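Here is the structure we will look at.
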Amino acid sequence: MRYAMAVDTKKCVGCSDCVVACQTENNVPIGFCRDWIVEVTDGTYPQLEIEIRSERCNQCANSPCVRCCPTGASHYSEGGVVLVTPHKCIGCGACIASCPYDARFPHPDGYVDKCTFCLHNRVKKGLDPACVSVCPTKCMYFGDLDDPNSPVSKVLKNRKHKTLIPEAGTNPHLYFLI
Amino acid sequence: MREEIITSGRLNHLIDPQLNIWHWHIPLYLFLGGLAAGILFFAALFTILGKEKEYPTAVKIAPFLTPFLLMVGLVALFLDLNHKLYFWRLYTTIRLESPMSWGAWTLMVVTPLSIIWCALNIKSIFPNWDWKYKWVWDMEKFFRKNLITISWIMLLFSLILGVYTGILFSAFNARPLWNTSILGPLFLTSGLSTGAAAIILMSKNSHERHTLARIDLMLIGIELFLIVHMFMGFLASTQVHIEAATLFLGGTYTTPFWLFVVTLGLVTPALLEVLELKGFKMPVFIAPVLVIFGGLMFRFIIAYAGQASRWLY
Ligand code: SF4
Ligand code: SF4
């Protein structure tokens with residue numbers, strides 16, 4: 001099993017509903033976010049192109065954050081989802097410095113926090129992650145890459161896609177449809 | 001002109017707009033670790049070479065600093081942790097892939113070794129010292145009998161500790177400025193150099209001072225060579241590495257780096273040491289103090305500048 005997510009940059013309008021849904025679902029402390037919107041404007045005026053992405057932890061298969069964690073608090077869980085065990089985390093910050101996407105943040109309670117793909121609170125109950133299910137343009141697809149019939153496998157088969165900084169060697173599992 | 005404007009909606013504290021997760025604690029911890037490694041390295045080296053009499057400060061006096069240096073370093077590391085109550089988790093696993101983990105374990109080996117070393121030399125500070133209990137005397141006898149073995153272990157672990165202070169940074173591929181394997185040997189050399197400087201500061205024996213000044217001169221030369229290589233490597237690498245190097249070549253950290261680390265911390269003490277070895281009279285403390293200051297600044301600047309360097313996407 002290998003959980004993955006695909007975000008359609010052609011459909012995303014940057015409304016931030018996913019951000020708010022995540023904060024509500026996961027009780028993210030005020031002022032922090034586990035997912036966020038990035039807007040890239042590129043080109044020469046007036047030929048500008050814009051790409052809007054809903055980003056979060058890439059659930060890398062070769063995660064520097066798991067590698068550098070001195071206690072094993074950062075680990076691979078079911079379906080390759082990278083999780084942090086709060087009572088093992090010493091808050092050293094090594095994993096925060098190691099993530100090329102800056103996807104982690106120090107939770108005010110001391111441990112390190114990040115996107116979990118809503119693994120325990122939703123996915124295991126058969127639901128989609130909060131961000132995916134709330135998106136008004138339905139621009140996100142979630143599922144198991146090993147299952148050819150999952151929404152994410154199907155959309156990746158049909159659409160051109162990319163990952164972020166693949167040259168960092170992290171083997172990300174968050175795809176962007178382009 | 002082609003433009004790329006990236007707007008991010010994220011504003012996480014200590015992460016945005018620029019990573020700022022490590023403050024003064026980590027560079028101080030690395031500096032003290034390097035300094036202690038340097039002192040212990042020379043103590044072990046001169047013992048193995050059988051030159052305790054020739055270099056009494058290096059072998060018998062300077063090591064008394066190291067347990068304190070290491071403990072202050074560990075306190076700094078502890079203060080840096082955000083989840084302090086779980087500190088002990090560091091010592092329930094060994095994860096060789098994580099420099100933070102094996103570094104913490106290295107300190108767990110080096111600190112007791114440094115204390116044993118001090119205990120064996122306590123008479124050079126308190127000539128009338130008495131251990132009082134027989135079992136302590138027995139232990140002392142045991143360690144003294146195996147002094148050469150202990151010296152070899154200490155030599156090895158001081159080198160590991162010295163390299164570790166650099167590898168802690170270089171293992172992060174997310175921060176291009178840190179991500180160069182030269183940082184290991186570079187911080188080791190800098191640690192040995194600050195160690196030599198500390199011994200020179202404490203030594204009252206001019207033969208010892210001159211030998212260590214010569215060693216220090218060589219170490220400074222190696223450091224300058226490695227720094228040049230570091231920049232050559234960056235400039236011949238990818239755009240993110242070129243941009244990382246630019247932090248020191250016109251960017252925010254240009255003045256502190258070239259002024260405090262290279263000019264004041266390396267070139268000036270090297271010139272002073274050359275002049276002194278040539279027989280010019282000058283206050284002996286200036287060069288070693290500058291070396292130690294330069295080593296401290298180096299850790300701080302690399303720690304902060306590294307957090308300012310990143311991948312662009
Ligand atoms: S995106 Fe960052 S936090 Fe997430 S798995 Fe990859 S390296 Fe770790
Ligand atoms: S902050 Fe916590 S999860 Fe991150 S590397 Fe340190 S112990 Fe591991």
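Naming scheme: A, B, ... for chains in displayed order of the structure tokens; residues 1 onward per chain; ligands 1 onward as shown.
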
Would you mind listing the residues within 6 Å of ligand 2, counting only C-alpha atoms and all ligand atoms, as a PyMOL selection string?
chain A and resi 68-71+73-74+84+89-95+111-112

Tell me, which residues of stretch 85-176 of chain A carry DSSP helix (DSSP H, G or I), written as a ChimeraX atom specification?
/A:86-88,94-98,123-125,130-134,151-158,166-168

Restricting the output to N, CA, C and O atoms, write the selected residues as a compact mmCIF listing (two decimals), in the first residue's frame.
```txt
# COMPACT_ATOMS: atom_id res chain seq x y z
N PRO A 86 4.51 12.03 19.18
CA PRO A 86 4.82 13.15 20.08
C PRO A 86 5.63 12.74 21.32
O PRO A 86 6.56 13.44 21.70
N HIS A 87 5.32 11.58 21.92
CA HIS A 87 6.02 11.26 23.17
C HIS A 87 7.41 10.67 22.94
O HIS A 87 8.09 10.29 23.88
N LYS A 88 7.84 10.59 21.68
CA LYS A 88 9.23 10.21 21.41
C LYS A 88 10.03 11.40 20.92
O LYS A 88 11.26 11.36 20.87
N ALA A 94 15.90 18.90 14.16
CA ALA A 94 16.70 18.38 13.05
C ALA A 94 15.82 18.11 11.83
O ALA A 94 16.18 18.45 10.70
N CYS A 95 14.64 17.50 12.08
CA CYS A 95 13.77 17.17 10.95
C CYS A 95 13.25 18.42 10.26
O CYS A 95 13.04 18.44 9.06
N ILE A 96 13.04 19.49 11.05
CA ILE A 96 12.55 20.74 10.46
C ILE A 96 13.60 21.29 9.51
O ILE A 96 13.29 21.71 8.40
N ALA A 97 14.86 21.25 9.96
CA ALA A 97 15.94 21.74 9.10
C ALA A 97 16.17 20.84 7.90
O ALA A 97 16.69 21.27 6.89
N SER A 98 15.76 19.57 8.02
CA SER A 98 16.08 18.62 6.95
C SER A 98 15.05 18.60 5.83
O SER A 98 15.31 18.02 4.78
N VAL A 123 -8.63 8.57 7.09
CA VAL A 123 -8.36 7.60 6.02
C VAL A 123 -8.65 6.17 6.47
O VAL A 123 -9.25 5.38 5.73
N LYS A 124 -8.27 5.85 7.71
CA LYS A 124 -8.52 4.49 8.19
C LYS A 124 -10.01 4.20 8.36
O LYS A 124 -10.41 3.04 8.44
N LYS A 125 -10.80 5.26 8.44
CA LYS A 125 -12.25 5.06 8.53
C LYS A 125 -12.87 5.07 7.15
O LYS A 125 -14.10 5.13 7.02
N ALA A 130 -9.20 15.52 5.07
CA ALA A 130 -10.10 16.66 5.18
C ALA A 130 -9.96 17.63 4.00
O ALA A 130 -10.97 18.08 3.43
N CYS A 131 -8.73 17.92 3.61
CA CYS A 131 -8.52 18.88 2.52
C CYS A 131 -9.14 18.39 1.22
O CYS A 131 -9.77 19.15 0.48
N VAL A 132 -8.98 17.09 0.96
CA VAL A 132 -9.48 16.52 -0.30
C VAL A 132 -11.01 16.60 -0.33
O VAL A 132 -11.61 17.00 -1.32
N SER A 133 -11.63 16.24 0.81
CA SER A 133 -13.08 16.13 0.77
C SER A 133 -13.77 17.49 0.78
O SER A 133 -14.90 17.61 0.36
N VAL A 134 -13.05 18.54 1.22
CA VAL A 134 -13.72 19.83 1.34
C VAL A 134 -13.54 20.70 0.08
O VAL A 134 -14.28 21.66 -0.12
N PRO A 151 -8.66 6.71 -7.07
CA PRO A 151 -8.77 7.99 -7.80
C PRO A 151 -7.40 8.55 -8.18
O PRO A 151 -7.23 9.06 -9.28
N VAL A 152 -6.43 8.42 -7.26
CA VAL A 152 -5.13 9.02 -7.55
C VAL A 152 -4.42 8.27 -8.67
O VAL A 152 -3.84 8.87 -9.57
N SER A 153 -4.48 6.93 -8.65
CA SER A 153 -3.83 6.15 -9.72
C SER A 153 -4.45 6.50 -11.06
O SER A 153 -3.75 6.68 -12.06
N LYS A 154 -5.78 6.59 -11.07
CA LYS A 154 -6.46 6.83 -12.35
C LYS A 154 -6.09 8.19 -12.93
O LYS A 154 -5.80 8.29 -14.12
N VAL A 155 -6.08 9.21 -12.07
CA VAL A 155 -5.82 10.54 -12.61
C VAL A 155 -4.36 10.68 -13.03
O VAL A 155 -4.04 11.35 -14.01
N LEU A 156 -3.46 9.99 -12.32
CA LEU A 156 -2.04 10.08 -12.69
C LEU A 156 -1.78 9.36 -14.02
O LEU A 156 -0.84 9.68 -14.74
N LYS A 157 -2.62 8.36 -14.32
CA LYS A 157 -2.45 7.64 -15.56
C LYS A 157 -2.82 8.53 -16.75
O LYS A 157 -2.25 8.43 -17.83
N ASN A 158 -3.81 9.39 -16.53
CA ASN A 158 -4.33 10.18 -17.65
C ASN A 158 -3.78 11.58 -17.79
O ASN A 158 -3.98 12.21 -18.81
N PRO A 166 12.14 17.14 -7.37
CA PRO A 166 12.53 15.72 -7.37
C PRO A 166 14.04 15.57 -7.25
O PRO A 166 14.53 14.56 -6.75
N GLU A 167 14.79 16.61 -7.67
CA GLU A 167 16.26 16.53 -7.61
C GLU A 167 16.77 16.53 -6.18
O GLU A 167 17.94 16.25 -5.94
N ALA A 168 15.90 16.81 -5.21
CA ALA A 168 16.35 16.70 -3.81
C ALA A 168 16.38 15.23 -3.39
O ALA A 168 16.81 14.92 -2.27
```

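With the cut-off set to 8 Å and only C-alpha atoms and all ligand atoms counted, the residues surrounding ligand 1 are Arg56, Cys57, Asn58, Gln59, Cys60, Ala61, Asn62, Ser63, Pro64, Cys65, Val66, Val81, Val82, Cys95, Ile96, Ser98, Cys99, Pro100, Tyr101, Asp102, Ala103, Arg104, Lys114, Cys115, Thr170 and Pro172 of chain A.
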
Can I get the selected residues back with N, CA, C and O atoms, as a CSV table (one decimal), in the first residue's frame?
```csv
chain,number,residue,atom,x,y,z
A,56,ARG,N,1.5,20.6,0.9
A,56,ARG,CA,1.6,20.0,2.3
A,56,ARG,C,2.8,19.1,2.3
A,56,ARG,O,3.6,19.1,1.3
A,57,CYS,N,3.0,18.4,3.4
A,57,CYS,CA,4.1,17.4,3.4
A,57,CYS,C,4.0,16.4,2.3
A,57,CYS,O,2.9,16.0,1.9
A,58,ASN,N,5.1,16.1,1.6
A,58,ASN,CA,5.0,15.3,0.4
A,58,ASN,C,5.0,13.8,0.7
A,58,ASN,O,5.1,13.0,-0.2
A,59,GLN,N,5.0,13.4,2.0
A,59,GLN,CA,5.1,12.0,2.4
A,59,GLN,C,6.1,11.3,1.6
A,59,GLN,O,5.9,10.2,1.0
A,60,CYS,N,7.3,11.8,1.6
A,60,CYS,CA,8.4,11.3,0.8
A,60,CYS,C,8.7,9.8,1.2
A,60,CYS,O,8.6,9.4,2.3
A,61,ALA,N,9.1,9.1,0.1
A,61,ALA,CA,9.5,7.7,0.4
A,61,ALA,C,10.9,7.6,0.8
A,61,ALA,O,11.3,6.6,1.4
A,62,ASN,N,11.7,8.6,0.5
A,62,ASN,CA,13.1,8.7,1.0
A,62,ASN,C,13.2,10.0,1.8
A,62,ASN,O,13.8,10.9,1.4
A,63,SER,N,12.6,10.0,3.0
A,63,SER,CA,12.5,11.2,3.7
A,63,SER,C,13.7,11.6,4.5
A,63,SER,O,14.1,10.8,5.4
A,64,PRO,N,14.3,12.7,4.2
A,64,PRO,CA,15.4,13.2,5.1
A,64,PRO,C,15.0,13.4,6.5
A,64,PRO,O,15.8,13.2,7.5
A,65,CYS,N,13.7,13.7,6.7
A,65,CYS,CA,13.2,13.9,8.1
A,65,CYS,C,13.2,12.7,9.0
A,65,CYS,O,13.6,12.7,10.1
A,66,VAL,N,12.9,11.5,8.3
A,66,VAL,CA,13.0,10.3,9.1
A,66,VAL,C,14.4,9.9,9.3
A,66,VAL,O,14.8,9.4,10.4
A,81,VAL,N,3.0,6.8,5.0
A,81,VAL,CA,2.7,8.1,5.5
A,81,VAL,C,3.8,8.4,6.6
A,81,VAL,O,4.0,7.5,7.5
A,82,VAL,N,4.4,9.5,6.6
A,82,VAL,CA,5.4,9.9,7.5
A,82,VAL,C,4.7,10.6,8.7
A,82,VAL,O,4.0,11.6,8.6
A,95,CYS,N,14.6,17.5,12.1
A,95,CYS,CA,13.8,17.2,11.0
A,95,CYS,C,13.2,18.4,10.3
A,95,CYS,O,13.0,18.4,9.1
A,96,ILE,N,13.0,19.5,11.0
A,96,ILE,CA,12.6,20.7,10.5
A,96,ILE,C,13.6,21.3,9.5
A,96,ILE,O,13.3,21.7,8.4
A,98,SER,N,15.8,19.6,8.0
A,98,SER,CA,16.1,18.6,7.0
A,98,SER,C,15.1,18.6,5.8
A,98,SER,O,15.3,18.0,4.8
A,99,CYS,N,13.9,19.2,6.0
A,99,CYS,CA,12.8,19.1,5.0
A,99,CYS,C,13.0,20.2,4.0
A,99,CYS,O,12.9,21.3,4.3
A,100,PRO,N,13.3,19.8,2.7
A,100,PRO,CA,13.5,20.8,1.7
A,100,PRO,C,12.2,21.6,1.4
A,100,PRO,O,12.3,22.6,0.7
A,101,TYR,N,11.1,21.1,1.8
A,101,TYR,CA,9.8,21.8,1.6
A,101,TYR,C,9.3,22.6,2.8
A,101,TYR,O,8.3,23.2,2.7
A,102,ASP,N,10.1,22.6,3.8
A,102,ASP,CA,9.7,23.3,5.1
A,102,ASP,C,8.3,23.0,5.5
A,102,ASP,O,7.5,23.8,5.9
A,103,ALA,N,8.0,21.7,5.4
A,103,ALA,CA,6.6,21.2,5.7
A,103,ALA,C,6.3,21.0,7.1
A,103,ALA,O,5.2,20.8,7.5
A,104,ARG,N,7.3,21.1,8.0
A,104,ARG,CA,7.1,20.8,9.4
A,104,ARG,C,7.2,22.1,10.2
A,104,ARG,O,7.8,23.1,9.8
A,114,LYS,N,3.1,18.1,11.6
A,114,LYS,CA,3.1,18.2,10.1
A,114,LYS,C,1.8,17.5,9.6
A,114,LYS,O,1.1,16.9,10.4
A,115,CYS,N,1.6,17.5,8.3
A,115,CYS,CA,0.5,16.8,7.7
A,115,CYS,C,0.6,15.3,7.9
A,115,CYS,O,1.7,14.8,7.8
A,170,THR,N,14.0,13.1,-2.6
A,170,THR,CA,13.2,12.7,-1.5
A,170,THR,C,12.1,11.7,-1.9
A,170,THR,O,11.4,11.1,-1.1
A,172,PRO,N,9.0,12.2,-3.5
A,172,PRO,CA,7.7,12.7,-3.0
A,172,PRO,C,6.5,12.0,-3.5
A,172,PRO,O,6.5,11.4,-4.6
```

Residue contacts of stretch 22-32 of chain B (7 Å, only C-alpha atoms) excluding same-chain residues fewer than 3 positions away, as an NGL selection string:
:B and (35-36 or 69-70 or 73-74 or 76-77 or 80 or 165 or 295-296 or 299-300 or 303)

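One distance worth recording is that between atom CA of A:Cys33 and atom CA of A:Pro106, which is 10.9 Å.
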
Just the residues within 6 Å of B:Lys60, please, counting only C-alpha atoms, with nothing from its chain fewer than 3 positions along; format it as a list in words.
Pro56, Thr57 and Asn121 of chain B

Near A:Ile50, counting only C-alpha atoms, which residues have an atom at most 12 Å away, once you skip same-chain residues fewer than 6 positions from it, shown as a PyMOL selection string?
(chain A and resi 9-14+38-44+178) or (chain B and resi 3-7)

Can I get the selection written as a PDB file, in the first residue's frame, with N, CA and C atoms?
```
ATOM      1  N   THR A   9      -3.427  21.566 -10.582  1.00  0.00           N
ATOM      2  CA  THR A   9      -3.111  23.004 -10.560  1.00  0.00           C
ATOM      3  C   THR A   9      -3.991  23.776 -11.547  1.00  0.00           C
ATOM      4  N   LYS A  10      -4.647  23.062 -12.471  1.00  0.00           N
ATOM      5  CA  LYS A  10      -5.522  23.746 -13.426  1.00  0.00           C
ATOM      6  C   LYS A  10      -6.886  24.040 -12.816  1.00  0.00           C
ATOM      7  N   LYS A  11      -7.200  23.323 -11.727  1.00  0.00           N
ATOM      8  CA  LYS A  11      -8.517  23.525 -11.113  1.00  0.00           C
ATOM      9  C   LYS A  11      -8.434  24.338  -9.833  1.00  0.00           C
ATOM     10  N   CYS A  12      -7.294  24.261  -9.155  1.00  0.00           N
ATOM     11  CA  CYS A  12      -7.161  24.937  -7.864  1.00  0.00           C
ATOM     12  C   CYS A  12      -7.288  26.446  -8.064  1.00  0.00           C
ATOM     13  N   VAL A  13      -8.162  27.070  -7.248  1.00  0.00           N
ATOM     14  CA  VAL A  13      -8.334  28.520  -7.356  1.00  0.00           C
ATOM     15  C   VAL A  13      -7.704  29.244  -6.176  1.00  0.00           C
ATOM     16  N   GLY A  14      -7.063  28.515  -5.284  1.00  0.00           N
ATOM     17  CA  GLY A  14      -6.377  29.146  -4.155  1.00  0.00           C
ATOM     18  C   GLY A  14      -7.321  29.710  -3.114  1.00  0.00           C
ATOM     19  N   VAL A  38       0.325  28.035  -2.527  1.00  0.00           N
ATOM     20  CA  VAL A  38       1.429  28.734  -3.174  1.00  0.00           C
ATOM     21  C   VAL A  38       0.960  29.188  -4.550  1.00  0.00           C
ATOM     22  N   GLU A  39       1.306  30.420  -4.877  1.00  0.00           N
ATOM     23  CA  GLU A  39       0.907  30.971  -6.161  1.00  0.00           C
ATOM     24  C   GLU A  39       2.179  31.371  -6.892  1.00  0.00           C
ATOM     25  N   VAL A  40       2.399  30.835  -8.068  1.00  0.00           N
ATOM     26  CA  VAL A  40       3.601  31.170  -8.822  1.00  0.00           C
ATOM     27  C   VAL A  40       3.199  31.913 -10.082  1.00  0.00           C
ATOM     28  N   THR A  41       3.698  33.116 -10.217  1.00  0.00           N
ATOM     29  CA  THR A  41       3.451  33.874 -11.441  1.00  0.00           C
ATOM     30  C   THR A  41       4.742  33.875 -12.226  1.00  0.00           C
ATOM     31  N   ASP A  42       4.645  33.535 -13.503  1.00  0.00           N
ATOM     32  CA  ASP A  42       5.851  33.280 -14.274  1.00  0.00           C
ATOM     33  C   ASP A  42       5.675  33.839 -15.679  1.00  0.00           C
ATOM     34  N   GLY A  43       6.722  34.389 -16.248  1.00  0.00           N
ATOM     35  CA  GLY A  43       6.644  34.848 -17.629  1.00  0.00           C
ATOM     36  C   GLY A  43       7.033  36.296 -17.790  1.00  0.00           C
ATOM     37  N   THR A  44       6.750  36.843 -18.982  1.00  0.00           N
ATOM     38  CA  THR A  44       7.076  38.232 -19.277  1.00  0.00           C
ATOM     39  C   THR A  44       5.764  38.943 -19.565  1.00  0.00           C
ATOM     40  N   ILE A 178      -0.444  19.032 -14.218  1.00  0.00           N
ATOM     41  CA  ILE A 178      -0.117  20.289 -14.908  1.00  0.00           C
ATOM     42  C   ILE A 178      -0.673  20.324 -16.325  1.00  0.00           C
TER      43      ILE A 178
ATOM     44  N   GLU B   3       9.994  37.006 -15.352  1.00  0.00           N
ATOM     45  CA  GLU B   3       9.905  37.125 -13.892  1.00  0.00           C
ATOM     46  C   GLU B   3       9.228  35.916 -13.301  1.00  0.00           C
ATOM     47  N   GLU B   4       9.591  35.621 -12.097  1.00  0.00           N
ATOM     48  CA  GLU B   4       8.883  34.570 -11.386  1.00  0.00           C
ATOM     49  C   GLU B   4       8.548  35.115 -10.007  1.00  0.00           C
ATOM     50  N   ILE B   5       7.285  35.185  -9.713  1.00  0.00           N
ATOM     51  CA  ILE B   5       6.886  35.685  -8.405  1.00  0.00           C
ATOM     52  C   ILE B   5       6.207  34.539  -7.661  1.00  0.00           C
ATOM     53  N   ILE B   6       6.742  34.233  -6.507  1.00  0.00           N
ATOM     54  CA  ILE B   6       6.165  33.135  -5.734  1.00  0.00           C
ATOM     55  C   ILE B   6       5.512  33.728  -4.493  1.00  0.00           C
ATOM     56  N   THR B   7       4.256  33.455  -4.312  1.00  0.00           N
ATOM     57  CA  THR B   7       3.569  33.942  -3.124  1.00  0.00           C
ATOM     58  C   THR B   7       3.096  32.738  -2.340  1.00  0.00           C
TER      59      THR B   7
END
```

Name all residues at most 8 Å from B:Asn12 (count only C-alpha atoms; drop same-chain ones fewer than 3 positions away) and give them as a PDB file with C-alpha atoms, in the first residue's frame.
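To be explicit, this is the file written out as result-v5.pdb:
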```pdb
ATOM      1  CA  GLY A  31      -1.157  30.731  13.615  1.00  0.00           C
ATOM      2  CA  PHE A  32       0.172  27.488  12.119  1.00  0.00           C
ATOM      3  CA  CYS A  33      -0.813  25.439   9.097  1.00  0.00           C
ATOM      4  CA  PHE A 105       6.721  23.222  12.271  1.00  0.00           C
TER       5      PHE A 105
ATOM      6  CA  ILE B  15       9.802  28.552   9.550  1.00  0.00           C
ATOM      7  CA  ASP B  16       8.648  31.530   7.484  1.00  0.00           C
TER       8      ASP B  16
END
```

Can you list, as a ChimeraX atom specification, every residue of stretch 59-106 of chain A that DSSP puts in strand (DSSP E or B)?
/A:74-76,82-84,105-106

Quick one: write out the picked residues with C-alpha atoms as a PDB file, in the first residue's frame?
```
ATOM      1  CA  SER A  74       9.656  10.511  12.852  1.00  0.00           C
ATOM      2  CA  HIS A  75       8.776   7.264  11.135  1.00  0.00           C
ATOM      3  CA  TYR A  76       7.021   5.649   8.200  1.00  0.00           C
ATOM      4  CA  VAL A  82       5.420   9.880   7.543  1.00  0.00           C
ATOM      5  CA  LEU A  83       4.265  10.530  11.108  1.00  0.00           C
ATOM      6  CA  VAL A  84       5.745  11.957  14.312  1.00  0.00           C
ATOM      7  CA  PHE A 105       6.721  23.222  12.271  1.00  0.00           C
ATOM      8  CA  PRO A 106       7.293  23.178  16.027  1.00  0.00           C
TER       9      PRO A 106
END
```

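Among the candidates B:Pro63, B:Gly38, B:Gly9, B:Pro256, the one nearest to chain A when counting only C-alpha atoms is B:Gly9.
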
Show me, as a PyMOL selection string, the residues that have an atom within 12 Å of B:Lys53 when counting only C-alpha atoms, minus same-chain residues fewer than 6 positions from it.
chain B and resi 43+46-47+59-60+205+207-208

Export of prior selection with all heavy atoms as a CSV table (one decimal), in the first residue's frame:
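File again_31.csv, as written:
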```csv
chain,number,residue,atom,x,y,z
B,43,ALA,N,46.1,16.1,24.0
B,43,ALA,CA,46.5,15.4,25.2
B,43,ALA,C,46.8,13.9,24.9
B,43,ALA,O,47.8,13.4,25.3
B,43,ALA,CB,45.4,15.5,26.2
B,46,PHE,N,50.1,13.5,22.5
B,46,PHE,CA,51.4,13.7,23.1
B,46,PHE,C,51.7,12.5,24.1
B,46,PHE,O,52.8,12.2,24.3
B,46,PHE,CB,51.5,15.0,23.8
B,46,PHE,CG,51.6,16.2,22.8
B,46,PHE,CD1,50.8,17.3,23.0
B,46,PHE,CD2,52.4,16.1,21.7
B,46,PHE,CE1,50.9,18.4,22.1
B,46,PHE,CE2,52.4,17.1,20.8
B,46,PHE,CZ,51.7,18.3,21.0
B,47,THR,N,50.6,12.0,24.7
B,47,THR,CA,50.8,10.8,25.6
B,47,THR,C,51.2,9.6,24.8
B,47,THR,O,52.1,8.9,25.1
B,47,THR,CB,49.5,10.5,26.3
B,47,THR,OG1,49.0,11.7,26.9
B,47,THR,CG2,49.7,9.4,27.3
B,59,VAL,N,49.0,18.0,28.1
B,59,VAL,CA,48.6,16.6,28.6
B,59,VAL,C,48.0,16.7,29.9
B,59,VAL,O,47.0,16.0,30.2
B,59,VAL,CB,49.9,15.7,28.6
B,59,VAL,CG1,49.5,14.4,29.3
B,59,VAL,CG2,50.4,15.5,27.2
B,60,LYS,N,48.5,17.6,30.8
B,60,LYS,CA,48.0,17.5,32.2
B,60,LYS,C,47.2,18.7,32.7
B,60,LYS,O,46.5,18.6,33.7
B,60,LYS,CB,49.3,17.5,33.1
B,60,LYS,CG,50.0,16.1,32.9
B,60,LYS,CD,51.2,16.1,33.9
B,60,LYS,CE,52.1,14.9,33.6
B,60,LYS,NZ,51.5,13.6,33.8
B,205,ASN,N,55.3,27.3,29.1
B,205,ASN,CA,56.5,26.8,28.7
B,205,ASN,C,56.8,27.2,27.2
B,205,ASN,O,55.9,26.9,26.3
B,205,ASN,CB,56.4,25.2,28.8
B,205,ASN,CG,57.4,24.4,28.2
B,205,ASN,OD1,58.0,24.8,27.1
B,205,ASN,ND2,57.7,23.3,28.7
B,207,HIS,N,58.8,26.4,24.8
B,207,HIS,CA,59.0,25.3,23.8
B,207,HIS,C,57.6,24.7,23.4
B,207,HIS,O,57.3,24.6,22.2
B,207,HIS,CB,59.9,24.2,24.4
B,207,HIS,CG,59.9,22.9,23.6
B,207,HIS,ND1,60.4,22.9,22.3
B,207,HIS,CD2,59.3,21.7,23.8
B,207,HIS,CE1,60.2,21.6,21.8
B,207,HIS,NE2,59.6,20.9,22.7
B,208,GLU,N,56.8,24.5,24.4
B,208,GLU,CA,55.5,23.9,24.1
B,208,GLU,C,54.6,24.9,23.3
B,208,GLU,O,54.0,24.6,22.3
B,208,GLU,CB,54.8,23.7,25.5
B,208,GLU,CG,53.4,23.0,25.3
B,208,GLU,CD,52.8,22.7,26.7
B,208,GLU,OE1,53.0,23.4,27.7
B,208,GLU,OE2,52.0,21.7,26.8
```
